[in-house]
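Comments concern the structure below.
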Amino acid sequence: MSLLADPLAEPPALTLPWGRIERRLRQFLPGRAVVARRQELLTYDSDGLTLHRQEPPLAVLPETTEQVAAVLSLCHEEGVPFVARGSGTGLSGGAVAEQESLLVVTSRMRSVLALDLENQRITVQPGVINSWVTRAVSGDGFYYAPDPSSQVVCSIGGNVAENAGGVHCLKYGVTSNHVLELEVVLPDGRITRLGGSLAEMPGLDLRGVFIGSEGTLGIATAITLRLLRQPQTVQVLLADFPSMEAAGEAVRRVTEAGVLPAGMEIMDNFTINAVDDLFGCDEYPRDAAAVLLIELDGRLEEVDAAALRTMELCRRAGARSLRRAESDTDRALLWKGRKSAFAAVGRITPTYYVQDGVVPRSALPAVLAAIELLSRRYSLPVANVFHAGDGNLHPLILYDASQEGVQDRVQALGADILRLCIDAGGSITGEHGVGADKRCYMDWMFSPDDLSTMRLVRQAFDPEGRANPGKLFPTPRSCGESARLARTVRVNVAAGKEADRPLPASLEVF
Amino acid sequence: MITPEPHHLADLLRELHAEGTPWLPAGSGSRLHWGPPVRDTATVVSTQRLNRIVDHAVGDFTVTVEAGTPLRELQEVLRRENQWLTIDWPWGSDADGNGAGSVGGLVARGLAGGLRQRYLGVRDQLIGIGLLRADGVAAHAGGKVVKNVAGYDLMRLFTGSWGSLGLITEVTLRTSPQPPERRGLLLQGGLAPLDELRRWLLRSSLTPELIDWWSPSLAKQAGADPQHSLLLGLASVSDAALRAQCLEIRTRGDQLGLRGQPLDPERLEALRAVALGRPEPGGWLLRLGVLPAQTSALLAERVLRDLPVVLGAGSGLGDSWAGADLPAYRVEELRRCCVARGGVLTVLQQPQSASLLPAWEDAPSRPLIEAVKAQFDPKQQLARGRLPGVRDPHQP
């Protein structure tokens with residue numbers, strides 16, 4: 001049977017012979033590796049984005065490459081779609097089995113397979129947690145650079161699927177810059193290797209196209225990562241600004257001066273106040289329009305020089321006050337607010353929706369102003385915490401899920417924000433992926449020919465379309481409403497009329 | 001080689017596709033003879049007239065260029081804004097980038113030089129791509145922002161694809177600010193102490209732009225003592241920092257009995273230009289790769305004793321070249337050495353002779369590479385006989 005035609009059709013009842021599939025799986029998997037009880041399957045009904053929920057009919061937790069290959073061979077024989085899942089911390093609904101699919105969870109594949117410090121590389125199974133990699137090698141002075149904020153729980157396999165970034169990807173790049181080789185089980189159960197021992201190998205770079213393919217090309221079962229030397233020293237600067245434009249100008253000046261910070265993060269006034277409320281003290285000036293955190297790393301003498309230069313540039317851009325932290329404790333204090341930002345904002349309303357748009361760095365101030373207008377128009381507060389150095393915005397839309405119809409409004413506002421990002425020359429996702437959440441906006445960024453060209457890759461890897469079906473690409477059924485959302489929402493930033501509208505009530509908490 | 005006007009390109013490719021005519025995608029055509037020989041092909045389609053710099057977003061540190069733009073011209077335009085593309089001139093260029101070919105060609109070959117040590121490779125600079133498929137359909141992927149995970153990464157798929165999948169028409173690249181200060185250091189001596197220094201350097205907190213091994217023959221060509229050498233390039237925002245770093249490295253070198261020669265930026269550039277070689281018609285050009293820890297062992301191999309070799313000490317990637325008198329069996333021996341040391345050897349250029357060596361061997365993912373090729377080029381029109389990762393592409 002073909003499940004390709006309409007990946008989002010939700011059948012009224014299960015149509016695949018799950019009883020037989022379960023029996024066959026149990027023939028070669030240990031008992032603990034097959035999860036069929038409904039209560040247990042509920043664990044897997046969503047990822048970090050709880051707007052999308054669907055429990056899978058069956059889940060397996062293989063432990064070896066051979067088991068993964070056997071599972072996918074069986075899927076191939078039975079015509080069963082499958083969804084790979086790491087730690088389930090993704091933020092785009094990518095690891096949810098929306099339609100009848102076998103969930104393949106890699107959380108029991110947690111071994112370090114090889115460590116080769118001489119050549120600065122490590123090979124791990126996909127379920128290994130991101131921060132474990134650094135932990136495994138830090139004693140020898142190495143670390144693994146990509147550091148998504150979920151790094152203490154997210155898996156390397158998931159990082160590969162999403163091409164995960166993090167605070168430090170400004171200087172060190174995203175996952176794809178750090179993966180040398182992948183062992184992959186293809187949707188028909190074949191095992192292959194992509195990439196190789198060196199960063200440049202003769203051969204089409206299928207490693208590169210696999211990374212960020214969101215589980216639609218197969219399952220990575222062994223991943224060889226590049227390791228970096230730990231920097232000699234790290235310093236953090238914190239500057240606060242009377243306007244978002246001034247903060248943006250500081251980012252521009254620092255970048256232009258040839259200083260390449262490890263990370264540059266901005267929090268807006270809304271977030272500053274939320275963080276101060278959480279801490280119960282004024283860690284950041286409450287009247288600041290923005291605070292900018294800059295982390296510099298490298299050689300002591302270089303970092304010192306860069307820090308002095310950066311502080312001077314921030315002052316010239318209009319910074320009101322500057323703090324500089326060199327010790328571990330002081331650095332942690334400056335970072336504490338940024339790291340608690342989501343939790344702080346989460347105290348204001350029980351639920352929030354994180355967006356992940358990207359804009360050219362120079363467009364940041366204008367886009368942020370436009371987001372504020374949209375926030376007023378929708379009467380939904382939006383907090384902005386973002387990777388300023390690379391223009392990656394994470395607007396948090398705050399809402400109370402018990403309000404009737406609020407989810408539609410939240411999604412419409414999220415869509416409008418993404419439209420702003422595209423209009424500014426940016427992207428609908430910088431690091432969270434398209435998944436289920438943003439597939440209907442893909443055709444805002446890409447033409448039908450662009451998408452059909454990407455699908456050629458899918459055809460080569462997965463001609464039957466059984467790997468994470470329905471994700472990433474827009475489908476007529478799932479995106480029937482995309483036409484409604486796709487209306488133009490250009491906001492005139494200069495127009496004062498909208499800006500006069502009162503802020504939504506929930507903002508009064510400050 | 002035909003150099004169609006940009007607006008004629010798609011029509012031309014559609015015609016070629018309708019007729020199933022084999023053709024070879026090209027930029028300026030400077031290095032079309034590199035790699036496996038192209039078969040059955042009389043038509044070369046060049047992007048030479050696609051030569052505009054579409055948009056240099058100075059404040060955003062990105063640049064969008066048409067694929068036929070000469071690399072040299074792009075670097076000049078960027079330099080005026082105190083920026084650059086962190087990529088070496090390809091082998092065979094001169095010190096000023098003459099003969100460097102087009103940006104599209106650079107991407108299609110996907111070969112980076114010693115600057116990979118700090119800035120990674122060609123594929124890591126590419127954030128967007130425009131292309132024409134074999135059937136003449138125009139498509140793009142990625143975008144103009146430095147961080148973007150929307151859709152499949154066709155930028156990486158096309159980097160190093162050697163024209164086998166389509167014609168690259170436009171690329172968007174990240175640019176970087178010019179480092180305010182640069183210095184170099186040439187360290188010479190025995191292989192063993194040099195390797196000790198290499199290990200120490202890679203384990204230190206120093207972050208050179210360049211750590212290149214040089215063979216004695218290359219050192220001699222540069223007017224230095226014919227000894228094994230390490231050429232270091234350092235860059236920083238602070239000259240004081242650079243001085244301190246050079247001193248630290250030289251002190252370590254002294255302890256190991258190595259001779260260190262400080263290089264000002266001009267001298268460093270001049271030395272680097274020597275390692276770009278001199279194109280010799282009918283000669284050999286070999287792309288070497290071994291695990292970084294195996295680089296000194298590779299340099300000690302008999303077959304490399306008298307050849308110019310430049311080899312990234314941290315990446316394990318580099319080039320060697322020779323005249324037509326080097327017997328093919330020596331190159332086969334060298335390929336075995338590279339493979340035994342965890343790497344590969346690619347024959348970029350070889351003398352015309354009866355016993356043609358395969359440019360590259362089969363990659364483990366060969367069936368998948370062929371499947372991708374079949375999707376992008378169903379009529380097998382493009383760069384026939386040249387499919388990276390496939391030793392001998394079969395003819396349908």
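So you can find residues: chains in the structure tokens are A, B, ... in the order shown, residues in each start at 1, and ligands are numbered from 1 in order.
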Inset, instruction - For chain B, report every residue with an atom at most 6 Å from chain A (counting only C-alpha atoms), formatted as a count of residues only. - result: 25
Legend entry - 12 Å contact set for A:Arg85, only C-alpha atoms, chain neighbours under 3 positions out, as a PyMOL selection string: chain A and resi 43-48+56+59-62+82+88-90+93-97+101-109+126-127+154-162+214-216+218-221+467-468
Inset, instruction - Would you list, as a list in words, the residues of stretch 148-195 of chain B that end up in strand (DSSP E) under DSSP run on this structure's backbone? - result: Leu167, Ile168, Thr169, Glu170, Val171, Thr172, Leu173, Arg174, Ser176, Pro177, Glu181, Arg182, Arg183, Gly184, Leu185, Leu186, Leu187, Gln188 and Gly189 of chain B
Inset, instruction - Step one, run DSSP on the backbone; step two, keep only residues of stretch 130-169 of chain B assigned to alpha helix (DSSP H); then write them as a PyMOL selection string. - result: chain B and resi 154-158
Inset, instruction - Please provide as number ranges by chain all residues within 6 Å of B:Gly166, with the sequence filter that same-chain residues fewer than 4 positions apart are discarded (counting only C-alpha atoms). - result: B: 132-134
Legend entry - Neighbour list for B:Asp88 as a list in words, cut-off 10 Å, only C-alpha atoms, skip fewer than 5 positions in-chain: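 Skipping anything fewer than 5 positions along the chain leaves Ser93, Gly97, Ala100, Leu111, Ala112, Gly113, Gly114, Leu115, Arg116, Gly121, Val122, Arg272, Ala273 and Leu276 of chain B.
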Inset, instruction - Could you tell me which of B:Leu131, B:Gly105, B:Thr295, B:Gly184 comes closest to B:Arg198 if we count only C-alpha atoms? - result: B:Thr295
Inset, instruction - Find the residues around B:Val65 up to 12 Å (only C-alpha atoms counted), leave out those fewer than 5 positions away in its own chain, and share them as a PyMOL selection string. - result: chain B and resi 47+50-57+70-71+73-75+77-78+102-104+126-130+144+168-174
Inset, instruction - Would you list the contacts of B:Gln117 as a ChimeraX atom specification, taking every protein, DNA or RNA residue within 7 Å and counting only C-alpha atoms, but skipping same-chain residues closer than 6 positions in sequence? - result: /B:209-211,314-315
Inset, instruction - Within 12 Å of B:Ala300, counting only C-alpha atoms, which residues show up once you throw out same-chain ones fewer than 3 positions away? Write them as an NGL selection string, please. - result: :B and (190-192 or 195 or 213-216 or 227-228 or 294-297 or 303-307 or 309 or 334 or 337)
Restricting it to C-alpha atoms, dump the selection as an mmCIF file, in the first residue's frame.
data_model
loop_
_atom_site.group_PDB
_atom_site.id
_atom_site.type_symbol
_atom_site.label_atom_id
_atom_site.label_comp_id
_atom_site.auth_asym_id
_atom_site.auth_seq_id
_atom_site.Cartn_x
_atom_site.Cartn_y
_atom_site.Cartn_z
ATOM 1 C CA GLY B 190 64.015 17.519 11.219
ATOM 2 C CA LEU B 191 60.656 15.843 10.710
ATOM 3 C CA ALA B 192 60.498 14.466 14.240
ATOM 4 C CA ASP B 195 56.006 16.945 14.284
ATOM 5 C CA TRP B 213 53.769 21.319 6.193
ATOM 6 C CA TRP B 214 56.270 21.942 3.410
ATOM 7 C CA SER B 215 58.499 19.314 1.845
ATOM 8 C CA PRO B 216 62.223 20.105 1.376
ATOM 9 C CA GLN B 227 64.448 20.962 4.724
ATOM 10 C CA HIS B 228 61.078 19.947 6.023
ATOM 11 C CA GLN B 294 49.821 10.836 10.086
ATOM 12 C CA THR B 295 51.042 13.878 8.163
ATOM 13 C CA SER B 296 54.705 13.649 9.162
ATOM 14 C CA ALA B 297 54.763 9.916 8.418
ATOM 15 C CA VAL B 303 57.742 8.632 -3.022
ATOM 16 C CA LEU B 304 57.315 12.162 -1.647
ATOM 17 C CA ARG B 305 61.005 12.668 -0.892
ATOM 18 C CA ASP B 306 61.751 14.813 -3.913
ATOM 19 C CA LEU B 307 58.360 16.292 -4.686
ATOM 20 C CA VAL B 309 54.289 19.018 -1.067
ATOM 21 C CA LEU B 334 51.378 7.154 -2.846
ATOM 22 C CA CYS B 337 50.189 5.279 1.544
#
Inset, instruction - Return the single residue from B:Val347, B:Leu201, B:Leu206, B:Ala108 that is closest to A:Asp297, with distances computed using only C-alpha atoms. - result: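 Of the candidates, the smallest distance to A:Asp297 is held by B:Leu206.
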Legend entry - Nearest to A:Arg26, chosen from A:Leu225, A:Cys421, A:Ala70, A:Leu238, with only C-alpha atoms counted in the distances: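 The shortest atom-to-atom distance to A:Arg26 comes from A:Ala70.
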Inset, instruction - Work out how far atom CA of B:Arg118 is from atom CA of B:Ala244, in Å to one decimal. - result: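 Separation of atom CA of B:Ala244 and atom CA of B:Arg118: 19.0 Å.
Here atom CA of A:Ile294 and atom CA of A:Tyr144 stand 20.1 Å from one another.
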